[in-house]
$ cat my_file.txt   # compact mmCIF, C-alpha atoms
# COMPACT_ATOMS: atom_id res chain seq x y z
CA MET A 258 -96.35 130.66 161.25
CA GLU A 259 -98.84 132.21 158.82
CA HIS A 260 -98.29 135.67 160.27
CA GLY A 261 -95.89 136.97 162.85
CA ARG A 262 -92.81 139.00 163.65
CA VAL A 263 -89.35 138.43 162.23
CA GLY A 264 -86.23 139.68 163.99
CA ILE A 265 -82.95 140.19 162.11
CA VAL A 266 -79.55 140.81 163.66
CA GLY A 267 -78.18 143.30 161.14
CA GLY A 268 -79.98 145.90 159.09
CA GLY A 269 -77.66 146.42 156.11
CA GLN A 270 -78.45 145.63 152.49
CA LEU A 271 -79.26 141.99 153.21
CA GLY A 272 -81.57 143.02 156.03
CA ARG A 273 -83.18 145.52 153.68
CA MET A 274 -83.87 142.89 151.03
CA LEU A 275 -85.14 140.43 153.65
CA THR A 276 -87.50 143.17 154.86
CA ASP A 277 -88.64 143.77 151.28
CA ALA A 278 -89.48 140.05 151.07
CA ALA A 279 -91.12 139.72 154.49
CA LEU A 280 -93.51 142.67 154.50
CA PRO A 281 -95.65 141.56 151.50
CA LEU A 282 -96.10 138.18 153.21
CA GLY A 283 -97.62 139.91 156.22
CA PHE A 284 -94.64 139.73 158.59
CA ALA A 285 -93.53 142.64 160.72
CA VAL A 286 -89.74 143.05 160.82
CA THR A 287 -87.48 144.38 163.56
CA VAL A 288 -83.72 144.68 163.10
CA ILE A 289 -80.70 145.50 165.24
CA ASP A 290 -78.20 147.83 163.62
CA PRO A 291 -75.81 150.46 165.01
CA VAL A 292 -76.33 152.88 162.11
CA GLU A 293 -79.18 155.36 162.47
CA ASN A 294 -81.88 154.82 159.81
CA CYS A 295 -80.11 151.74 158.49
CA PRO A 296 -81.02 150.29 155.05
CA ALA A 297 -83.57 147.85 156.54
CA ALA A 298 -85.27 150.65 158.48
CA GLN A 299 -85.56 152.64 155.25
CA ALA A 300 -87.44 149.66 153.78
CA GLY A 301 -89.96 149.58 156.65
CA ALA A 302 -88.34 147.59 159.45
CA GLU A 303 -88.49 148.74 163.06
CA GLN A 304 -84.94 149.37 164.26
CA ILE A 305 -83.20 148.77 167.58
CA GLN A 306 -80.13 150.98 167.29
CA ALA A 307 -77.39 149.02 169.01
CA SER A 308 -74.27 146.97 168.40
CA LEU A 309 -74.85 143.65 166.67
CA LYS A 310 -72.99 142.01 169.58
CA ASP A 311 -75.05 143.68 172.34
CA PRO A 312 -76.69 140.81 174.29
CA ASP A 313 -79.29 143.15 175.82
CA ALA A 314 -80.32 144.32 172.34
CA ILE A 315 -80.56 140.73 171.13
CA ARG A 316 -82.77 139.82 174.09
CA SER A 317 -84.94 142.86 173.34
CA LEU A 318 -85.18 141.74 169.70
CA ALA A 319 -86.29 138.27 170.80
CA SER A 320 -88.95 139.72 173.11
CA ARG A 321 -90.51 141.59 170.19
CA THR A 322 -90.43 138.80 167.61
CA ASP A 323 -91.43 135.18 166.94
CA VAL A 324 -88.24 134.12 165.17
CA VAL A 325 -84.73 135.61 165.13
CA THR A 326 -82.29 135.29 162.23
CA TRP A 327 -79.27 137.27 161.00
CA GLU A 328 -77.74 138.83 157.91
CA ILE A 329 -74.10 138.72 159.00
CA GLU A 330 -71.94 136.05 160.66
CA ASP A 331 -69.86 138.31 162.90
CA ILE A 332 -72.26 138.29 165.85
CA ASP A 333 -72.26 136.81 169.36
CA VAL A 334 -73.47 133.22 169.17
CA THR A 335 -73.75 132.92 172.94
CA ALA A 336 -76.29 135.78 172.95
CA LEU A 337 -78.49 133.76 170.56
CA GLU A 338 -78.50 130.66 172.76
CA GLY A 339 -81.37 130.22 175.17
CA LEU A 340 -83.54 132.99 173.75
CA PRO A 341 -87.28 132.68 174.48
CA THR A 342 -88.07 132.55 170.77
CA ALA A 343 -87.04 130.48 167.77
CA VAL A 344 -83.59 131.14 166.28
CA GLU A 345 -82.95 130.06 162.68
CA PRO A 346 -80.61 128.69 161.45
CA SER A 347 -79.22 126.97 164.53
CA PRO A 348 -76.75 128.99 166.64
CA TYR A 349 -74.62 125.82 166.70
CA THR A 350 -74.40 125.95 162.91
CA LEU A 351 -73.46 129.63 163.06
CA GLY A 352 -70.76 128.89 165.63
CA THR A 353 -69.33 126.12 163.46
CA ILE A 354 -69.25 128.30 160.35
CA GLN A 355 -67.87 131.37 162.14
CA ASP A 356 -64.66 129.47 162.90
CA LYS A 357 -63.28 128.58 159.49
CA LEU A 358 -61.01 125.86 160.85
CA ARG A 359 -63.92 124.27 162.72
CA GLN A 360 -65.98 124.59 159.51
CA LYS A 361 -63.29 122.79 157.48
CA ARG A 362 -63.07 120.00 160.04
CA MET A 363 -66.86 119.56 159.92
CA LEU A 364 -66.73 119.26 156.13
CA VAL A 365 -63.93 116.69 156.29
CA ARG A 366 -65.87 114.61 158.82
CA ALA A 367 -68.82 114.72 156.43
CA GLY A 368 -66.64 113.41 153.59
CA LEU A 369 -67.00 116.61 151.57
CA PRO A 370 -64.17 117.92 149.35
CA VAL A 371 -61.98 120.78 150.64
CA ALA A 372 -58.44 121.98 150.00
CA ALA A 373 -55.78 120.49 152.26
CA PHE A 374 -55.33 122.53 155.45
CA MET A 375 -53.68 122.51 158.85
CA ASP A 376 -53.88 124.38 162.13
CA LEU A 377 -51.21 126.91 163.10
CA ASP A 378 -50.07 126.76 166.71
CA PRO A 379 -49.71 130.37 167.95
CA ASN A 380 -46.63 129.29 169.93
CA ARG A 381 -44.78 127.92 166.89
CA LEU A 382 -46.12 129.78 163.87
CA ASP A 383 -42.86 129.90 161.91
CA ARG A 384 -42.25 126.18 162.34
CA ASP A 385 -45.82 125.27 161.39
CA VAL A 386 -45.89 127.45 158.29
CA ASP A 387 -42.58 125.92 157.17
CA MET A 388 -44.24 122.51 157.53
CA ALA A 389 -47.15 123.79 155.44
CA PHE A 390 -44.79 125.00 152.70
CA LYS A 391 -43.18 121.56 152.57
CA ALA A 392 -46.57 119.83 152.45
CA PHE A 393 -48.52 122.19 150.17
CA GLY A 394 -46.10 124.55 148.39
CA ALA A 395 -47.79 127.95 148.12
CA VAL A 396 -50.39 128.50 150.84
CA ILE A 397 -53.03 130.92 151.99
CA ILE A 398 -53.03 131.93 155.64
CA LYS A 399 -56.50 132.66 156.99
CA ALA A 400 -57.91 134.15 160.16
CA ARG A 401 -60.13 131.56 161.79
CA THR A 402 -62.77 134.15 162.66
CA GLY A 403 -63.92 137.57 161.55
CA GLY A 404 -62.70 137.61 157.95
CA TYR A 405 -65.06 138.45 155.08
CA ASP A 406 -64.72 139.89 151.56
CA GLY A 407 -61.15 138.62 151.53
CA ARG A 408 -60.18 140.32 154.78
CA GLY A 409 -58.03 138.21 157.07
CA ASN A 410 -56.54 136.17 154.19
CA MET A 411 -53.03 136.31 152.77
CA SER A 412 -51.42 134.26 150.02
CA VAL A 413 -47.87 133.32 150.95
CA ARG A 414 -44.93 131.57 149.28
CA PRO A 415 -41.66 130.54 150.93
CA ASP A 416 -39.87 133.53 149.36
CA ASN A 417 -42.31 136.17 150.70
CA SER A 418 -43.12 134.85 154.16
CA GLN A 419 -40.86 137.11 156.19
CA GLY A 420 -42.77 138.93 158.94
CA ILE A 421 -46.18 137.79 157.71
CA PHE A 422 -47.57 137.04 161.15
CA ASP A 423 -47.04 140.61 162.34
CA ARG A 424 -49.96 141.61 160.10
CA PHE A 425 -52.42 139.34 161.91
CA GLY A 426 -51.71 140.41 165.50
CA ASP A 427 -53.15 137.95 168.03
CA THR A 428 -55.72 136.48 165.62
CA GLN A 429 -55.96 132.68 165.60
CA LEU A 430 -54.86 131.34 162.21
CA TYR A 431 -54.86 128.27 160.03
CA VAL A 432 -53.34 127.54 156.65
CA GLU A 433 -54.69 126.03 153.41
CA ARG A 434 -53.05 124.83 150.23
CA LEU A 435 -53.32 127.58 147.62
CA VAL A 436 -55.59 126.08 144.98
CA PRO A 437 -55.13 127.05 141.30
CA PHE A 438 -58.68 127.33 139.99
CA GLN A 439 -60.46 128.13 136.73
CA LYS A 440 -63.67 129.45 138.22
CA GLU A 441 -65.37 130.22 141.50
CA LEU A 442 -68.87 128.78 141.77
CA ALA A 443 -71.68 129.11 144.27
CA VAL A 444 -74.92 127.32 144.99
CA ILE A 445 -77.65 128.91 147.11
CA VAL A 446 -79.53 126.26 149.10
CA ALA A 447 -82.45 126.50 151.50
CA ARG A 448 -83.52 124.17 154.32
CA ASP A 449 -86.90 124.26 156.00
CA VAL A 450 -87.59 123.24 159.60
CA LEU A 451 -88.32 119.66 158.48
CA GLY A 452 -84.98 119.36 156.69
CA ASN A 453 -86.39 119.64 153.16
CA ILE A 454 -83.84 121.20 150.81
CA ALA A 455 -84.33 123.40 147.74
CA GLN A 456 -81.41 124.70 145.73
CA TYR A 457 -80.85 127.27 143.03
CA PRO A 458 -78.92 126.74 139.78
CA VAL A 459 -75.12 126.94 140.02
CA VAL A 460 -73.68 130.40 139.40
CA GLU A 461 -70.20 131.68 138.61
CA THR A 462 -68.82 134.39 140.88
CA ILE A 463 -66.05 136.69 139.64
CA HIS A 464 -64.02 138.54 142.26
CA GLU A 465 -61.83 141.63 142.18
CA ASN A 466 -59.69 142.54 145.20
CA ASN A 467 -61.29 139.58 147.00
CA ILE A 468 -64.76 141.17 146.71
CA CYS A 469 -67.53 139.67 144.58
CA HIS A 470 -67.73 141.80 141.45
CA LEU A 471 -69.94 139.88 139.03
CA VAL A 472 -72.29 136.88 139.20
CA LEU A 473 -73.29 134.93 136.09
CA ALA A 474 -76.42 132.79 136.29
CA PRO A 475 -76.30 130.05 135.27
CA ALA A 476 -72.59 129.25 135.36
CA GLY A 477 -71.07 128.32 132.02
CA ILE A 478 -69.79 124.88 133.04
CA ASP A 479 -69.94 121.33 131.77
CA PRO A 480 -73.22 119.55 132.70
CA ARG A 481 -71.25 116.91 134.62
CA ILE A 482 -69.58 119.56 136.75
CA ARG A 483 -72.92 121.28 137.28
CA ALA A 484 -74.45 118.03 138.51
CA ASP A 485 -71.49 117.41 140.83
CA ALA A 486 -71.72 120.95 142.28
CA GLU A 487 -75.45 120.50 142.90
CA GLU A 488 -74.83 117.17 144.62
CA ILE A 489 -72.09 118.63 146.85
CA ALA A 490 -74.31 121.58 147.80
CA HIS A 491 -77.24 119.32 148.61
CA GLU A 492 -75.08 117.02 150.74
CA THR A 493 -73.52 120.00 152.54
CA ALA A 494 -76.95 121.41 153.39
CA GLY A 495 -77.89 118.05 154.87
CA HIS A 496 -75.10 118.42 157.45
CA LEU A 497 -76.26 121.86 158.64
CA ASP A 498 -78.75 122.40 161.43
CA GLY A 499 -81.70 124.74 161.32
CA ALA A 500 -83.78 126.48 158.68
CA GLY A 501 -82.78 129.21 156.28
CA VAL A 502 -80.71 130.00 153.22
CA PHE A 503 -77.03 129.08 152.92
CA ALA A 504 -74.47 129.81 150.22
CA ILE A 505 -72.03 127.02 149.36
CA GLU A 506 -68.99 128.57 147.68
CA MET A 507 -66.68 126.32 145.66
CA PHE A 508 -63.54 126.33 143.55
CA LEU A 509 -63.46 124.56 140.19
CA THR A 510 -59.77 123.65 140.06
CA ASP A 511 -57.57 123.54 137.00
CA GLY A 512 -57.98 119.76 137.14
CA ASP A 513 -61.81 120.00 137.03
CA GLU A 514 -62.10 119.10 140.72
CA LEU A 515 -64.69 120.80 142.92
CA LEU A 516 -63.61 121.94 146.39
CA ILE A 517 -65.77 123.73 148.94
CA ASN A 518 -64.20 127.06 149.84
CA GLU A 519 -66.62 128.42 152.43
CA ILE A 520 -70.22 128.27 153.64
CA ALA A 521 -72.21 131.42 154.37
CA PRO A 522 -75.05 130.76 156.86
CA ARG A 523 -77.29 133.49 155.42
CA VAL A 524 -78.57 135.06 152.24
CA HIS A 525 -75.60 135.92 150.06
CA ASN A 526 -74.22 138.22 147.39
CA SER A 527 -74.14 135.31 144.93
CA GLY A 528 -77.95 135.11 145.10
CA HIS A 529 -78.97 138.74 144.56
CA HIS A 530 -80.01 138.03 140.96
CA THR A 531 -82.75 135.68 142.18
CA ILE A 532 -85.05 138.66 142.86
CA GLU A 533 -85.52 139.07 139.11
CA ALA A 534 -84.23 135.81 137.65
CA ASN A 535 -85.95 133.10 139.73
CA ALA A 536 -89.49 132.20 140.68
CA THR A 537 -88.68 132.75 144.38
CA SER A 538 -85.91 135.08 145.48
CA GLN A 539 -83.36 133.90 148.02
CA PHE A 540 -84.76 136.55 150.40
CA GLU A 541 -88.34 135.33 150.20
CA GLN A 542 -87.03 131.77 150.45
CA HIS A 543 -85.23 132.58 153.70
CA ILE A 544 -88.37 134.17 155.18
CA ARG A 545 -90.41 131.13 154.10
CA ALA A 546 -87.89 128.73 155.62
CA ILE A 547 -87.60 130.37 159.03
CA THR A 548 -91.37 130.98 159.40
CA ARG A 549 -92.38 127.38 158.59
CA LEU A 550 -93.92 128.23 155.24
CA PRO A 551 -93.38 125.90 152.24
CA LEU A 552 -90.19 126.46 150.28
CA GLY A 553 -90.81 128.18 146.97
CA SER A 554 -89.81 127.15 143.47
CA THR A 555 -86.17 127.88 142.61
CA GLU A 556 -86.83 127.66 138.86
CA MET A 557 -84.78 130.10 136.81
CA ILE A 558 -87.08 132.38 134.83
CA SER A 559 -84.26 133.99 132.88
CA PRO A 560 -80.48 133.91 132.66
CA ALA A 561 -78.98 136.92 134.43
CA ALA A 562 -75.85 138.81 135.36
CA MET A 563 -75.47 140.71 138.63
CA ILE A 564 -72.80 143.35 139.14
CA ASN A 565 -72.04 145.05 142.43
CA ILE A 566 -71.96 148.83 142.75
CA LEU A 567 -68.90 149.45 144.91
CA GLY A 568 -67.79 152.84 146.17
CA GLU A 569 -64.88 154.30 144.26
CA ARG A 570 -64.19 157.28 146.54
CA ASN A 571 -64.86 158.54 150.05
CA GLY A 572 -67.48 161.24 150.43
CA PRO A 573 -71.18 162.11 150.23
CA VAL A 574 -73.36 160.05 147.90
CA ALA A 575 -73.69 161.71 144.48
CA LEU A 576 -75.68 159.40 142.19
CA ARG A 577 -75.25 159.99 138.46
CA GLY A 578 -76.18 158.00 135.37
CA LEU A 579 -79.27 156.21 136.70
CA GLY A 580 -81.40 157.19 133.71
CA ARG A 581 -78.80 155.91 131.25
CA VAL A 582 -78.59 152.61 133.11
CA LEU A 583 -82.36 152.11 133.22
CA SER A 584 -82.56 152.71 129.47
CA LEU A 585 -80.53 149.55 128.89
CA PRO A 586 -82.58 146.40 128.18
CA GLY A 587 -83.42 144.05 131.04
CA THR A 588 -81.74 146.23 133.65
CA HIS A 589 -82.78 146.49 137.31
CA VAL A 590 -81.02 148.74 139.82
CA HIS A 591 -80.98 148.17 143.60
CA LEU A 592 -79.53 150.97 145.74
CA TYR A 593 -79.03 150.24 149.43
CA GLY A 594 -79.50 153.70 150.93
CA LYS A 595 -76.06 153.78 152.52
CA GLU A 596 -74.34 157.06 153.36
CA PRO A 597 -71.58 158.04 152.78
CA THR A 598 -69.86 156.42 149.82
CA LYS A 599 -66.63 154.65 150.82
CA MET A 600 -63.96 152.90 148.82
CA GLU A 601 -65.16 149.36 147.94
CA ARG A 602 -68.26 149.74 150.12
CA LYS A 603 -71.22 147.83 148.69
CA MET A 604 -73.62 150.64 147.74
CA GLY A 605 -75.97 148.67 145.51
CA HIS A 606 -76.15 146.19 142.66
CA ILE A 607 -77.46 145.92 139.11
CA VAL A 608 -79.18 142.85 137.68
CA VAL A 609 -79.58 142.32 133.93
CA ILE A 610 -81.88 139.59 132.66
CA SER A 611 -81.59 138.30 129.11
CA ASP A 612 -82.15 135.16 127.06
CA ASP A 613 -78.35 134.81 126.94
CA VAL A 614 -76.11 135.07 130.00
CA GLU A 615 -73.19 136.43 127.96
CA GLU A 616 -75.38 139.24 126.60
CA ALA A 617 -76.51 139.94 130.17
CA ARG A 618 -72.86 140.16 131.25
CA VAL A 619 -72.00 142.67 128.53
CA ILE A 620 -74.97 144.88 129.41
CA ALA A 621 -74.20 144.64 133.15
CA LEU A 622 -70.63 145.82 132.59
CA LYS A 623 -71.88 148.71 130.43
CA ALA A 624 -74.47 149.63 133.05
CA ARG A 625 -71.84 149.72 135.77
CA ARG A 626 -69.64 152.02 133.70
CA GLU A 627 -72.55 154.44 133.29
CA LEU A 628 -73.31 154.72 137.02
CA THR A 629 -71.40 156.65 139.68
CA ILE A 630 -72.39 157.03 143.29
$ encode --input "my_file.txt" --output "structure tokens"
Amino acid sequence: MEHGRVGIVGGGQLGRMLTDAALPLGFAVTVIDPVENCPAAQAGAEQIQASLKDPDAIRSLASRTDVVTWEIEDIDVTALEGLPTAVEPSPYTLGTIQDKLRQKRMLVRAGLPVAAFMDLDPNRLDRDVDMAFKAFGAVIIKARTGGYDGRGNMSVRPDNSQGIFDRFGDTQLYVERLVPFQKELAVIVARDVLGNIAQYPVVETIHENNICHLVLAPAGIDPRIRADAEEIAHETAGHLDGAGVFAIEMFLTDGDELLINEIAPRVHNSGHHTIEANATSQFEQHIRAITRLPLGSTEMISPAAMINILGERNGPVALRGLGRVLSLPGTHVHLYGKEPTKMERKMGHIVVISDDVEEARVIALKARRELTI
């Protein structure tokens, strides 16, 4: 598809950056988003203002575009099935990944490494979690669907398990062994419509309050571990259907074992640095993949650090310190155009490129301290 129309379910920051990548390639972009003048619309996308789960809006999106994709998992898979246009990646893949227990079972069937887990029967939760404590020790209880940025997860030990299920309501749950880890890693991979795979260098992701805070590219890990992470990511991508970008998130355990934590079937926070640091950004790569263009080079041009700009209060946006940040070497600021500022809301990010990833990290932390929004 040399030229055409791209539809995106979701018009937040990821939709905005996908729009930024698609327009220079000659693609028109239409998004669905409930927020008036959403970030993607500010970047030049046409907007259908509607719920992301509105099947009529999704059908309207399909009627206006040649291929439909998404920037968020929490959408109605059934509305994507049977559309009169291409949908990438596969709705089946999205459905598998949306349900974290189903996702884990798929990975086990594929022979890929994950933490031990078990289902929780809603009719015997207390008994099942006691069984999990006996089998795993400390555990993490997870909502099967709907959780992101740490929402829907709770670490539990036998001595603090009283009344835990009241906090989840009627949500379907499963339980995993709580894995002591040294680092969290991620690999961004892309698949084209022919099944060709391109992957980006392994990065380290550092979280605070279960939200990605900082990304270091490349990850400071042993070459053997790097090679193993790349192999796991490549094999995982081979078991997914459809074209597009995926993020394979992993734990590096205290025993130097790699375990897949989750898969994101979309462009991802752990790949934002690729706009400046790689020959082809993850956003351009996704547009290439879903429109049947050749995958681009994933070569790293420069080491980089990416730090998220999270809201630290509730209220109108009041940006301060931008000039001081831009005076720092190698610094690039991306603001998402969201209003208002909210606590821990992702309002933007900063990328610092440098010959040394540790130097980039130091500058990124300084830049973040200088900026308020």
$ closest_residue --input "my_file.txt" --among "A:His525, A:Arg366, A:Arg321, A:Arg481" --to "Ala443 in chain A" --atoms "all atoms listed in the file"
A:His525
$ residues_around --input "my_file.txt" --residues "Phe425 in chain A" --least-positions-apart "2" --cutoff "10 Å" --atoms "all atoms listed in the file" --output "PyMOL selection string"
chain A and resi 398-400+409-411+421-423+427-430
$ closest_atom_pairs --input "my_file.txt" --of "range 468-568 of chain A" --to "range 445-456 of chain A" --cutoff "10 Å" --atoms "only C-alpha atoms" --output "JSON lines"
{"residue": "A:Glu487", "atom": "CA", "partner": "A:Gln456", "partner_atom": "CA", "distance": 7.8}
{"residue": "A:Ala490", "atom": "CA", "partner": "A:Val446", "partner_atom": "CA", "distance": 7.1}
{"residue": "A:His491", "atom": "CA", "partner": "A:Ile454", "partner_atom": "CA", "distance": 7.2}
{"residue": "A:Glu492", "atom": "CA", "partner": "A:Ile454", "partner_atom": "CA", "distance": 9.7}
{"residue": "A:Thr493", "atom": "CA", "partner": "A:Val446", "partner_atom": "CA", "distance": 9.3}
{"residue": "A:Ala494", "atom": "CA", "partner": "A:Val446", "partner_atom": "CA", "distance": 7.0}
{"residue": "A:Gly495", "atom": "CA", "partner": "A:Gly452", "partner_atom": "CA", "distance": 7.4}
{"residue": "A:His496", "atom": "CA", "partner": "A:Gly452", "partner_atom": "CA", "distance": 10.0}
{"residue": "A:Leu497", "atom": "CA", "partner": "A:Arg448", "partner_atom": "CA", "distance": 8.8}
{"residue": "A:Asp498", "atom": "CA", "partner": "A:Gly452", "partner_atom": "CA", "distance": 8.4}
{"residue": "A:Gly499", "atom": "CA", "partner": "A:Val450", "partner_atom": "CA", "distance": 6.3}
{"residue": "A:Ala500", "atom": "CA", "partner": "A:Asp449", "partner_atom": "CA", "distance": 4.7}
{"residue": "A:Gly501", "atom": "CA", "partner": "A:Arg448", "partner_atom": "CA", "distance": 5.5}
{"residue": "A:Val502", "atom": "CA", "partner": "A:Ala447", "partner_atom": "CA", "distance": 4.3}
{"residue": "A:Phe503", "atom": "CA", "partner": "A:Val446", "partner_atom": "CA", "distance": 5.4}
{"residue": "A:Ala504", "atom": "CA", "partner": "A:Ile445", "partner_atom": "CA", "distance": 4.5}
{"residue": "A:Ile505", "atom": "CA", "partner": "A:Ile445", "partner_atom": "CA", "distance": 6.3}
{"residue": "A:Glu506", "atom": "CA", "partner": "A:Ile445", "partner_atom": "CA", "distance": 8.7}
{"residue": "A:Ile520", "atom": "CA", "partner": "A:Ile445", "partner_atom": "CA", "distance": 9.9}
{"residue": "A:Ala521", "atom": "CA", "partner": "A:Ile445", "partner_atom": "CA", "distance": 9.4}
{"residue": "A:Arg523", "atom": "CA", "partner": "A:Ile445", "partner_atom": "CA", "distance": 9.5}
{"residue": "A:Val524", "atom": "CA", "partner": "A:Ile445", "partner_atom": "CA", "distance": 8.1}
{"residue": "A:His525", "atom": "CA", "partner": "A:Ile445", "partner_atom": "CA", "distance": 7.9}
{"residue": "A:Asn526", "atom": "CA", "partner": "A:Ile445", "partner_atom": "CA", "distance": 9.9}
{"residue": "A:Ser527", "atom": "CA", "partner": "A:Ile445", "partner_atom": "CA", "distance": 7.6}
{"residue": "A:Gly528", "atom": "CA", "partner": "A:Ile445", "partner_atom": "CA", "distance": 6.5}
{"residue": "A:Thr531", "atom": "CA", "partner": "A:Ile445", "partner_atom": "CA", "distance": 9.8}
{"residue": "A:Gln539", "atom": "CA", "partner": "A:Ile445", "partner_atom": "CA", "distance": 7.6}
{"residue": "A:Gln542", "atom": "CA", "partner": "A:Ala447", "partner_atom": "CA", "distance": 7.1}
{"residue": "A:His543", "atom": "CA", "partner": "A:Ala447", "partner_atom": "CA", "distance": 7.0}
{"residue": "A:Arg545", "atom": "CA", "partner": "A:Asp449", "partner_atom": "CA", "distance": 7.9}
{"residue": "A:Ala546", "atom": "CA", "partner": "A:Asp449", "partner_atom": "CA", "distance": 4.6}
{"residue": "A:Ile547", "atom": "CA", "partner": "A:Asp449", "partner_atom": "CA", "distance": 6.9}
{"residue": "A:Thr548", "atom": "CA", "partner": "A:Val450", "partner_atom": "CA", "distance": 8.6}
{"residue": "A:Arg549", "atom": "CA", "partner": "A:Val450", "partner_atom": "CA", "distance": 6.4}
{"residue": "A:Leu550", "atom": "CA", "partner": "A:Asp449", "partner_atom": "CA", "distance": 8.1}
{"residue": "A:Pro551", "atom": "CA", "partner": "A:Asp449", "partner_atom": "CA", "distance": 7.7}
{"residue": "A:Leu552", "atom": "CA", "partner": "A:Asp449", "partner_atom": "CA", "distance": 7.0}
{"residue": "A:Gly553", "atom": "CA", "partner": "A:Ala455", "partner_atom": "CA", "distance": 8.1}
{"residue": "A:Ser554", "atom": "CA", "partner": "A:Ala455", "partner_atom": "CA", "distance": 7.9}
{"residue": "A:Thr555", "atom": "CA", "partner": "A:Gln456", "partner_atom": "CA", "distance": 6.5}
{"residue": "A:Glu556", "atom": "CA", "partner": "A:Gln456", "partner_atom": "CA", "distance": 9.2}
$ atom_distance --input "my_file.txt" --atom1 "CA of His591 in chain A" --atom2 "CA of Met274 in chain A"
9.6 Å
$ residues_around --input "my_file.txt" --residues "Gly261 in chain A" --least-positions-apart "2" --cutoff "12 Å" --atoms "all atoms listed in the file" --output "ChimeraX atom specification"
/A:258-259,263-264,279-280,282-287,321-325,342,544-545,547-550
$ closest_residue --input "my_file.txt" --among "A:Pro458, A:Pro348, A:Pro586, A:Gly403" --to "Met557 in chain A" --atoms "all atoms listed in the file"
A:Pro458
$ atom_distance --input "my_file.txt" --atom1 "CA of Met600 in chain A" --atom2 "CA of Glu461 in chain A"
24.4 Å
$ residues_near_point --input "my_file.txt" --point "(-63.0, 144.4, 144.2)" --cutoff "12 Å" --atoms "all atoms listed in the file" --output "PyMOL selection string"
chain A and resi 406-408+463-471+564-569+600-603
$ closest_residue --input "my_file.txt" --among "A:Glu615, A:Glu328, A:Glu514, A:Glu519" --to "Glu345 in chain A" --atoms "all atoms listed in the file"
A:Glu328
$ build_atoms --input "my_file.txt" --residues "range 357-361 of chain A" --atoms "all heavy atoms" --output "PDB file, keeping the file's coordinate frame"
ATOM      1  N   LYS A 357     -63.531 129.238 160.771  1.00  0.00           N
ATOM      2  CA  LYS A 357     -63.280 128.580 159.490  1.00  0.00           C
ATOM      3  C   LYS A 357     -62.547 127.258 159.628  1.00  0.00           C
ATOM      4  O   LYS A 357     -62.747 126.343 158.827  1.00  0.00           O
ATOM      5  CB  LYS A 357     -62.522 129.535 158.558  1.00  0.00           C
ATOM      6  CG  LYS A 357     -63.347 130.743 158.119  1.00  0.00           C
ATOM      7  CD  LYS A 357     -62.588 131.582 157.111  1.00  0.00           C
ATOM      8  CE  LYS A 357     -63.447 132.731 156.606  1.00  0.00           C
ATOM      9  NZ  LYS A 357     -63.778 133.701 157.666  1.00  0.00           N
ATOM     10  N   LEU A 358     -61.691 127.137 160.637  1.00  0.00           N
ATOM     11  CA  LEU A 358     -61.010 125.860 160.850  1.00  0.00           C
ATOM     12  C   LEU A 358     -62.009 124.805 161.326  1.00  0.00           C
ATOM     13  O   LEU A 358     -62.008 123.664 160.846  1.00  0.00           O
ATOM     14  CB  LEU A 358     -59.875 126.013 161.853  1.00  0.00           C
ATOM     15  CG  LEU A 358     -59.093 124.734 162.171  1.00  0.00           C
ATOM     16  CD1 LEU A 358     -58.456 124.151 160.911  1.00  0.00           C
ATOM     17  CD2 LEU A 358     -58.031 125.006 163.247  1.00  0.00           C
ATOM     18  N   ARG A 359     -62.868 125.181 162.251  1.00  0.00           N
ATOM     19  CA  ARG A 359     -63.920 124.270 162.720  1.00  0.00           C
ATOM     20  C   ARG A 359     -64.847 123.888 161.552  1.00  0.00           C
ATOM     21  O   ARG A 359     -65.265 122.728 161.424  1.00  0.00           O
ATOM     22  CB  ARG A 359     -64.705 124.965 163.833  1.00  0.00           C
ATOM     23  CG  ARG A 359     -65.772 124.131 164.514  1.00  0.00           C
ATOM     24  CD  ARG A 359     -66.346 124.928 165.674  1.00  0.00           C
ATOM     25  NE  ARG A 359     -67.656 124.430 166.080  1.00  0.00           N
ATOM     26  CZ  ARG A 359     -68.465 125.068 166.893  1.00  0.00           C
ATOM     27  NH1 ARG A 359     -68.105 126.250 167.392  1.00  0.00           N
ATOM     28  NH2 ARG A 359     -69.646 124.557 167.216  1.00  0.00           N
ATOM     29  N   GLN A 360     -65.142 124.858 160.690  1.00  0.00           N
ATOM     30  CA  GLN A 360     -65.980 124.590 159.510  1.00  0.00           C
ATOM     31  C   GLN A 360     -65.312 123.561 158.600  1.00  0.00           C
ATOM     32  O   GLN A 360     -65.958 122.607 158.137  1.00  0.00           O
ATOM     33  CB  GLN A 360     -66.196 125.904 158.742  1.00  0.00           C
ATOM     34  CG  GLN A 360     -67.035 125.786 157.494  1.00  0.00           C
ATOM     35  CD  GLN A 360     -67.063 127.073 156.676  1.00  0.00           C
ATOM     36  OE1 GLN A 360     -67.156 127.039 155.451  1.00  0.00           O
ATOM     37  NE2 GLN A 360     -66.993 128.230 157.327  1.00  0.00           N
ATOM     38  N   LYS A 361     -64.010 123.729 158.346  1.00  0.00           N
ATOM     39  CA  LYS A 361     -63.290 122.790 157.480  1.00  0.00           C
ATOM     40  C   LYS A 361     -63.289 121.379 158.080  1.00  0.00           C
ATOM     41  O   LYS A 361     -63.476 120.380 157.381  1.00  0.00           O
ATOM     42  CB  LYS A 361     -61.839 123.242 157.273  1.00  0.00           C
ATOM     43  CG  LYS A 361     -61.670 124.539 156.503  1.00  0.00           C
ATOM     44  CD  LYS A 361     -62.003 124.387 155.037  1.00  0.00           C
ATOM     45  CE  LYS A 361     -61.759 125.699 154.298  1.00  0.00           C
ATOM     46  NZ  LYS A 361     -62.138 125.638 152.888  1.00  0.00           N
TER      47      LYS A 361
END
